[in-house]
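Trainee: Would you mind keeping the following structure in view while I ask a few things?
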Amino acid sequence: EKYFPGKESYVPFLCGEESFGTGSNHIREKDGMWAVLAWLQILASKNKDDKKPLVTVEEITKAHWTEYGRNYYCRYDYEGVEKGADEMMAGLVETCKELPAKEMKGMTVKSAESFEYTDPVDESVSSNQGINIIFTDGSRIVFRLSGTGSSGATIRLYLEKYEGPKGDLDSSQFDVCKPLAELAMEISDLPKLTGRTTPTVIT
């Protein structure tokens, strides 16, 4: 009430970017803490009888995929980009206007926009947080520009591909997301504008 008069009061969760997918008003930059606590709670709930064999994280995860499907994630980092990064992002903003409803490599674009976030507590607005391209099948491509590297700019490319419960749930995320990466190169013209044909890091 002292800092945000007239706003709803929130319990401060110790979570951050690795927030276990909960999405919440929380204390930022406590990376991993919330995810660790959440997984410990899940393991405890699945292992109430210590006379039975331990139910592992892998078993829980695969059971989840069998019921709900799997989201394959991959990230390409292009570090120390000395030229073309700003030009690429500006070009993507214009390209986004033409992408909705367009079919590309068998997928249809649902939406494409420059992401903007409004904090629900202090109503501060964070603009130009990245380019978000979402497809009708739930897949997406996200471009973000970061200045946290030691030199030059860092372009982060986030890739996500959804596979349903009856689909292939045991493939490598790198193989599954590679077609999305190729499409991202085509949309952004990253190699031509930056001179970078391969990422520094793939995770």
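Chains: A, B, ... in order of the structure tokens. Residues: from 1 per chain. Ligands: from 1, in order shown.
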In region 131-194 of chain A, what's strand (DSSP E or B) per DSSP? Answer as a list in words?

Mentor: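 Result set for region 131-194 of chain A (strand (DSSP E or B)): Ile131, Asn132, Ile133, Ile134, Phe135, Arg140, Ile141, Val142, Phe143, Arg144, Leu145, Ser146, Ala153, Thr154, Ile155, Arg156, Leu157, Tyr158, Leu159, Glu160, Lys161, Tyr162 and Glu163 of chain A.
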
Trainee: Write to file, as a PDB file, in the first residue's frame, the residues of the selection just made, with N, CA and C atoms.

Mentor:
```pdb
ATOM      1  N   ILE A 131      10.225  -9.545 -31.059  1.00  0.00           N
ATOM      2  CA  ILE A 131       9.267  -9.849 -32.117  1.00  0.00           C
ATOM      3  C   ILE A 131       8.708 -11.237 -31.874  1.00  0.00           C
ATOM      4  N   ASN A 132       7.391 -11.333 -31.777  1.00  0.00           N
ATOM      5  CA  ASN A 132       6.728 -12.579 -31.425  1.00  0.00           C
ATOM      6  C   ASN A 132       5.869 -13.042 -32.607  1.00  0.00           C
ATOM      7  N   ILE A 133       6.235 -14.167 -33.219  1.00  0.00           N
ATOM      8  CA  ILE A 133       5.496 -14.717 -34.359  1.00  0.00           C
ATOM      9  C   ILE A 133       4.877 -16.034 -33.909  1.00  0.00           C
ATOM     10  N   ILE A 134       3.548 -16.100 -33.884  1.00  0.00           N
ATOM     11  CA  ILE A 134       2.824 -17.264 -33.387  1.00  0.00           C
ATOM     12  C   ILE A 134       2.055 -17.918 -34.531  1.00  0.00           C
ATOM     13  N   PHE A 135       2.126 -19.246 -34.592  1.00  0.00           N
ATOM     14  CA  PHE A 135       1.443 -20.006 -35.629  1.00  0.00           C
ATOM     15  C   PHE A 135       0.192 -20.672 -35.068  1.00  0.00           C
ATOM     16  N   ARG A 140       5.956 -21.180 -32.241  1.00  0.00           N
ATOM     17  CA  ARG A 140       6.275 -19.752 -32.297  1.00  0.00           C
ATOM     18  C   ARG A 140       7.760 -19.510 -32.490  1.00  0.00           C
ATOM     19  N   ILE A 141       8.037 -18.315 -32.996  1.00  0.00           N
ATOM     20  CA  ILE A 141       9.396 -17.823 -33.187  1.00  0.00           C
ATOM     21  C   ILE A 141       9.475 -16.465 -32.500  1.00  0.00           C
ATOM     22  N   VAL A 142      10.502 -16.277 -31.669  1.00  0.00           N
ATOM     23  CA  VAL A 142      10.674 -15.006 -30.969  1.00  0.00           C
ATOM     24  C   VAL A 142      12.088 -14.488 -31.204  1.00  0.00           C
ATOM     25  N   PHE A 143      12.193 -13.246 -31.626  1.00  0.00           N
ATOM     26  CA  PHE A 143      13.487 -12.571 -31.773  1.00  0.00           C
ATOM     27  C   PHE A 143      13.622 -11.544 -30.657  1.00  0.00           C
ATOM     28  N   ARG A 144      14.762 -11.561 -29.970  1.00  0.00           N
ATOM     29  CA  ARG A 144      15.033 -10.530 -28.960  1.00  0.00           C
ATOM     30  C   ARG A 144      16.455 -10.019 -29.133  1.00  0.00           C
ATOM     31  N   LEU A 145      16.607  -8.739 -28.901  1.00  0.00           N
ATOM     32  CA  LEU A 145      17.922  -8.107 -29.000  1.00  0.00           C
ATOM     33  C   LEU A 145      18.394  -7.774 -27.600  1.00  0.00           C
ATOM     34  N   SER A 146      19.593  -8.252 -27.250  1.00  0.00           N
ATOM     35  CA  SER A 146      20.117  -8.048 -25.909  1.00  0.00           C
ATOM     36  C   SER A 146      21.456  -7.336 -25.977  1.00  0.00           C
ATOM     37  N   ALA A 153      26.178  -6.616 -30.029  1.00  0.00           N
ATOM     38  CA  ALA A 153      24.834  -6.986 -29.599  1.00  0.00           C
ATOM     39  C   ALA A 153      24.686  -8.503 -29.601  1.00  0.00           C
ATOM     40  N   THR A 154      23.701  -8.982 -28.864  1.00  0.00           N
ATOM     41  CA  THR A 154      23.372 -10.405 -28.868  1.00  0.00           C
ATOM     42  C   THR A 154      21.950 -10.562 -29.376  1.00  0.00           C
ATOM     43  N   ILE A 155      21.795 -11.335 -30.427  1.00  0.00           N
ATOM     44  CA  ILE A 155      20.458 -11.654 -30.943  1.00  0.00           C
ATOM     45  C   ILE A 155      20.073 -13.014 -30.388  1.00  0.00           C
ATOM     46  N   ARG A 156      18.948 -13.059 -29.689  1.00  0.00           N
ATOM     47  CA  ARG A 156      18.453 -14.323 -29.152  1.00  0.00           C
ATOM     48  C   ARG A 156      17.236 -14.751 -29.965  1.00  0.00           C
ATOM     49  N   LEU A 157      17.283 -15.968 -30.446  1.00  0.00           N
ATOM     50  CA  LEU A 157      16.194 -16.528 -31.239  1.00  0.00           C
ATOM     51  C   LEU A 157      15.584 -17.690 -30.463  1.00  0.00           C
ATOM     52  N   TYR A 158      14.327 -17.524 -30.037  1.00  0.00           N
ATOM     53  CA  TYR A 158      13.628 -18.550 -29.272  1.00  0.00           C
ATOM     54  C   TYR A 158      12.678 -19.302 -30.201  1.00  0.00           C
ATOM     55  N   LEU A 159      12.730 -20.630 -30.142  1.00  0.00           N
ATOM     56  CA  LEU A 159      11.918 -21.469 -31.016  1.00  0.00           C
ATOM     57  C   LEU A 159      11.097 -22.436 -30.173  1.00  0.00           C
ATOM     58  N   GLU A 160       9.848 -22.600 -30.542  1.00  0.00           N
ATOM     59  CA  GLU A 160       8.974 -23.505 -29.792  1.00  0.00           C
ATOM     60  C   GLU A 160       8.059 -24.242 -30.768  1.00  0.00           C
ATOM     61  N   LYS A 161       8.031 -25.561 -30.661  1.00  0.00           N
ATOM     62  CA  LYS A 161       7.202 -26.393 -31.529  1.00  0.00           C
ATOM     63  C   LYS A 161       6.374 -27.342 -30.681  1.00  0.00           C
ATOM     64  N   TYR A 162       5.042 -27.319 -30.860  1.00  0.00           N
ATOM     65  CA  TYR A 162       4.160 -28.194 -30.088  1.00  0.00           C
ATOM     66  C   TYR A 162       3.928 -29.511 -30.819  1.00  0.00           C
ATOM     67  N   GLU A 163       3.990 -30.607 -30.065  1.00  0.00           N
ATOM     68  CA  GLU A 163       3.702 -31.944 -30.588  1.00  0.00           C
ATOM     69  C   GLU A 163       2.633 -32.562 -29.697  1.00  0.00           C
TER      70      GLU A 163
END
```

Trainee: Can you tell me, as a PyMOL selection string, what residues are no more than 9 Å from region 63-74 of chain A when counting only C-alpha atoms, ignoring any on the same chain fewer than 3 positions away?

Mentor: chain A and resi 58-60+138-139+157-169+171-174+176-178+202-203

Trainee: Please return, as a list in words, all residues of region 52-173 of chain A that DSSP assigns to helix (DSSP H, G or I) on the basis of the backbone.

Mentor: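 DSSP on the backbone gives helix (DSSP H, G or I) at Val57, Glu58, Glu59, Ile60, Thr61, Lys62, Ala63, His64, Trp65, Thr66, Glu67, Tyr68, Ala85, Asp86, Glu87, Met88, Met89, Ala90, Gly91, Leu92, Val93, Glu94, Thr95, Cys96 and Gln173 of chain A.
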
Trainee: Have a look at A:Asp137, A:Ser126, A:Ser188, A:Gln41 and name the one nearest to Leu99 (chain A); count only C-alpha atoms.

Mentor: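 Nearest to Leu99 (chain A): A:Ser188.
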
Trainee: Check the smallest atom-to-atom distance from each of A:Thr136, A:Thr61, A:Ser127, A:Ser111 to Trp39 (chain A) using only C-alpha atoms, then report the winner.

Mentor: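 Answer, going by the shortest atom-to-atom distance: A:Thr61.
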
Trainee: Just to confirm, what's the straight-line distance from CA of Lys102 (chain A) to CA of Asp175 (chain A) in Å (one decimal)?

Mentor: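 Taking CA of Lys102 (chain A) and CA of Asp175 (chain A), their separation equals 24.0 Å.
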
Trainee: Measure the distance from CA of Met88 (chain A) to CA of Thr194 (chain A) in Å and round it to one decimal.

Mentor: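 CA of Thr194 (chain A) lies 8.1 Å from CA of Met88 (chain A).
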